[in-house]
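Novice: Sharing a structure with you now.
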Amino acid sequence: MTGGESPLPTAKRATCSPPSSGERNPRRRPRPRKIVDRIDNDGDGFVTTEELKTWIKRVQKRYIFDNVAKVWKDYDRDKDDKISWEEYKQATYGYYLGNPAEFQDSSDHHTFRKMLPRDERRFKAADRDGDLTATREEFTAFLHPEEFEHMKEIVVLETLEDIDKNGDGFVDQDEYIADMFSHEENGPEPDWVLSEREQFNEFRDLNKDGKLDKDEIRHWILPQDYDHAQAEARHLVYESDKNKDEKLTKEEILENWNMFVGSQATNYGEDLTKNHDEL
């Protein structure tokens with residue numbers, strides 16, 4: 001995160017949580033030098049911001065499609081290479097729907113009651129032909145709505161619902177802060193929270209009515225003039241470029257390898273810790 005940018009809201013970061021298909025092989029180890037060679041697209045021995053941005057976008061896309069492929073078999077129960085809403089619902093909520101009494105007095109009861117219709121709404125938005133059956137592309141839009149233009153209204157709506165605790169259809173300043181910071185009773189707010197309150201007043205609340213509507217939330221979480229891959233690439237180059245020539249040598253990257261692996265704005269680190277020959 002660079003400059004005065006705020007962390008994204010919880011709802012923007014979150015997508016559906018499909019069943020786990022196993023942990024990554026712990027014996028795999030990254031091969032940093034070979035990965036850096038692949039980032040250096042023109043092979044001139046330097047990694048530029050543009051090359052790094054291209055790599056990050058490639059990794060993001062790869063991560064998304066790998067994620068869908070990994071969970072596909074958990075939902076495509078009849079093996080017809082499509083996932084119907086009924087298949088998804090039974091795979092995710094089947095036990096709850098079949099045994100409601102077990103959940104009646106648990107905290108999961110409220111969670112399931114909230115998430116089931118929300119998932120159905122998102123599934124129908126992703127299902128562009130309206131047949132209640134998702135192709136791989138439609139299911140990808142369902143699991144990763146922030147990556148698809150036609151799903152952005154769902155992302156905005158889910159963000160609003162998650163943060164709007166009083167249910168008035170808006171996000172006020174306290175709700176905005178509460179999504180990022182859990183205030184301890186009688187404890188002072190840290191400086192960064194005070195800065196976020198200023199961000200809310202000056203940059204989030206565009207019409208200055210003390211609350212965020214859907215348009216203002218969209219401007220916040222899906223800014224049209226902000227490229228996450230570009231911002232992340234610039235940040236990594238800035239932090240690693242020891243001689244300030246605006247490009248990175250292999251040595252400069254390797255010296256900051258932990259920062260590259262820990263990159264959070266993208267799923268960059270996820271792939272840097274894998275040993276895929278095709279990367």
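By order in the structure tokens, chains are A, B, ...; within a chain, residues start at 1; ligands start at 1, following the order shown.
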For the contact check between range 216-260 of chain A and range 160-176 of chain A, emit one row per residue of range 216-260 of chain A within 12 Å, containing the shortest atom pair and the distance in Å rounded to one decimal, counting only C-alpha atoms, chain then rising number order, as JSON lines.

Specialist:
```
{"residue": "A:Glu216", "atom": "CA", "partner": "A:Val171", "partner_atom": "CA", "distance": 9.6}
{"residue": "A:Ile217", "atom": "CA", "partner": "A:Leu160", "partner_atom": "CA", "distance": 7.4}
{"residue": "A:Arg218", "atom": "CA", "partner": "A:Leu160", "partner_atom": "CA", "distance": 9.7}
{"residue": "A:Trp220", "atom": "CA", "partner": "A:Tyr176", "partner_atom": "CA", "distance": 11.3}
{"residue": "A:Ile221", "atom": "CA", "partner": "A:Leu160", "partner_atom": "CA", "distance": 10.7}
```

Novice: Would you output that residue set with all heavy atoms, as a PDB file, in the first residue's frame?

Specialist:
```pdb
ATOM      1  N   GLU A 216     -20.812   6.502  -4.115  1.00  0.00           N
ATOM      2  CA  GLU A 216     -19.600   6.848  -3.393  1.00  0.00           C
ATOM      3  C   GLU A 216     -18.821   5.597  -2.980  1.00  0.00           C
ATOM      4  O   GLU A 216     -17.584   5.587  -2.993  1.00  0.00           O
ATOM      5  CB  GLU A 216     -19.941   7.699  -2.165  1.00  0.00           C
ATOM      6  CG  GLU A 216     -20.411   9.104  -2.545  1.00  0.00           C
ATOM      7  CD  GLU A 216     -21.069   9.847  -1.398  1.00  0.00           C
ATOM      8  OE1 GLU A 216     -21.770   9.201  -0.589  1.00  0.00           O
ATOM      9  OE2 GLU A 216     -20.893  11.069  -1.323  1.00  0.00           O
ATOM     10  N   ILE A 217     -19.525   4.526  -2.643  1.00  0.00           N
ATOM     11  CA  ILE A 217     -18.857   3.258  -2.330  1.00  0.00           C
ATOM     12  C   ILE A 217     -18.171   2.702  -3.571  1.00  0.00           C
ATOM     13  O   ILE A 217     -17.034   2.213  -3.516  1.00  0.00           O
ATOM     14  CB  ILE A 217     -19.862   2.235  -1.757  1.00  0.00           C
ATOM     15  CG1 ILE A 217     -20.328   2.685  -0.369  1.00  0.00           C
ATOM     16  CG2 ILE A 217     -19.248   0.839  -1.685  1.00  0.00           C
ATOM     17  CD1 ILE A 217     -21.461   1.874   0.199  1.00  0.00           C
ATOM     18  N   ARG A 218     -18.854   2.804  -4.714  1.00  0.00           N
ATOM     19  CA  ARG A 218     -18.246   2.345  -5.971  1.00  0.00           C
ATOM     20  C   ARG A 218     -16.970   3.133  -6.273  1.00  0.00           C
ATOM     21  O   ARG A 218     -15.954   2.561  -6.680  1.00  0.00           O
ATOM     22  CB  ARG A 218     -19.246   2.506  -7.117  1.00  0.00           C
ATOM     23  CG  ARG A 218     -18.755   1.931  -8.444  1.00  0.00           C
ATOM     24  CD  ARG A 218     -19.749   2.157  -9.569  1.00  0.00           C
ATOM     25  NE  ARG A 218     -21.050   1.605  -9.256  1.00  0.00           N
ATOM     26  CZ  ARG A 218     -22.120   2.331  -8.909  1.00  0.00           C
ATOM     27  NH1 ARG A 218     -22.018   3.657  -8.826  1.00  0.00           N
ATOM     28  NH2 ARG A 218     -23.270   1.757  -8.648  1.00  0.00           N
ATOM     29  N   TRP A 220     -15.048   4.479  -4.179  1.00  0.00           N
ATOM     30  CA  TRP A 220     -14.054   4.092  -3.177  1.00  0.00           C
ATOM     31  C   TRP A 220     -13.391   2.760  -3.502  1.00  0.00           C
ATOM     32  O   TRP A 220     -12.162   2.656  -3.567  1.00  0.00           O
ATOM     33  CB  TRP A 220     -14.741   4.043  -1.809  1.00  0.00           C
ATOM     34  CG  TRP A 220     -13.966   3.390  -0.700  1.00  0.00           C
ATOM     35  CD1 TRP A 220     -12.617   3.340  -0.539  1.00  0.00           C
ATOM     36  CD2 TRP A 220     -14.519   2.693   0.424  1.00  0.00           C
ATOM     37  NE1 TRP A 220     -12.283   2.658   0.618  1.00  0.00           N
ATOM     38  CE2 TRP A 220     -13.437   2.245   1.224  1.00  0.00           C
ATOM     39  CE3 TRP A 220     -15.827   2.411   0.839  1.00  0.00           C
ATOM     40  CZ2 TRP A 220     -13.627   1.530   2.402  1.00  0.00           C
ATOM     41  CZ3 TRP A 220     -16.012   1.708   2.016  1.00  0.00           C
ATOM     42  CH2 TRP A 220     -14.915   1.269   2.794  1.00  0.00           C
ATOM     43  N   ILE A 221     -14.198   1.717  -3.732  1.00  0.00           N
ATOM     44  CA  ILE A 221     -13.626   0.373  -3.851  1.00  0.00           C
ATOM     45  C   ILE A 221     -13.292  -0.028  -5.279  1.00  0.00           C
ATOM     46  O   ILE A 221     -12.501  -0.949  -5.498  1.00  0.00           O
ATOM     47  CB  ILE A 221     -14.555  -0.695  -3.225  1.00  0.00           C
ATOM     48  CG1 ILE A 221     -15.861  -0.815  -4.004  1.00  0.00           C
ATOM     49  CG2 ILE A 221     -14.815  -0.393  -1.759  1.00  0.00           C
ATOM     50  CD1 ILE A 221     -16.736  -1.968  -3.556  1.00  0.00           C
TER      51      ILE A 221
END
```

Novice: As a PyMOL selection string, please: every residue in range 11-236 of chain A that DSSP puts in alpha helix (DSSP H).

Specialist: chain A and resi 11-13+32-39+49-75+85-98+100-103+107-126+136-143+152-163+173-178+191-199+214-221+228-236

Novice: Distance table requested - range 204-264 of chain A against range 28-50 of chain A, cut-off 6 Å, only C-alpha atoms: one row per qualifying residue with the closest atom pair and its distance in Å to one decimal, ordered by chain and rising residue number, as a tab-separated table.

Specialist:
```
residue	atom	partner	partner_atom	distance
A:Ala233	CA	A:Thr49	CA	5.5
A:Arg234	CA	A:Thr49	CA	5.9
A:Lys247	CA	A:Thr48	CA	4.7
A:Leu248	CA	A:Val47	CA	4.9
A:Thr249	CA	A:Phe46	CA	4.9
```

Novice: Might you pull out every residue within 12 Å of range 136-139 of chain A, with only C-alpha atoms counted and same-chain residues fewer than 4 positions away left off, and present them as a PyMOL selection string?

Specialist: chain A and resi 16+18+64-73+75-76+80-85+88+119+122-132+143-145+147-148+150-151

Novice: Rounded to one decimal place, report the CA of Leu222 in chain A-CA of Val156 in chain A distance in Å.

Specialist: 8.4 Å

Novice: From the list A:Leu236, A:Leu194, A:Ala141, A:Val155, which residue is nearest His219 in chain A when using only C-alpha atoms?

Specialist: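 Using only C-alpha atoms, the shortest distance to His219 in chain A belongs to A:Val155.
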
Novice: Neighbouring residues of Ile177 in chain A were defined as those with any atom within 9 Å, considering only C-alpha atoms; residues of the same chain fewer than 3 positions away were excluded. Please report them as a list in words.

Specialist: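 My list of contacting residues is Asp172, Gln173, Asp174, Met180, Phe181, Ser182, Val193, Glu196, Arg197 and Phe200 of chain A.
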
Novice: Report the distance between CA of Gln60 in chain A and CA of Asn256 in chain A in Å, rounded to one decimal place.

Specialist: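 Separating CA of Gln60 in chain A from CA of Asn256 in chain A is a distance of 20.7 Å.
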
Novice: Any idea what the distance is between CA of Val237 in chain A and CA of Glu146 in chain A?

Specialist: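 We find that CA of Val237 in chain A and CA of Glu146 in chain A lie 25.7 Å from each other.
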
Novice: Near range 107-115 of chain A, within 8 Å and counting only C-alpha atoms, which residues show up once chain neighbours fewer than 3 positions away are dropped, as a list in words?

Specialist: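 Final neighbour list, sorted by chain and number: Tyr93, Tyr96, Phe103, Gln104, Arg118 and Asp119 of chain A.
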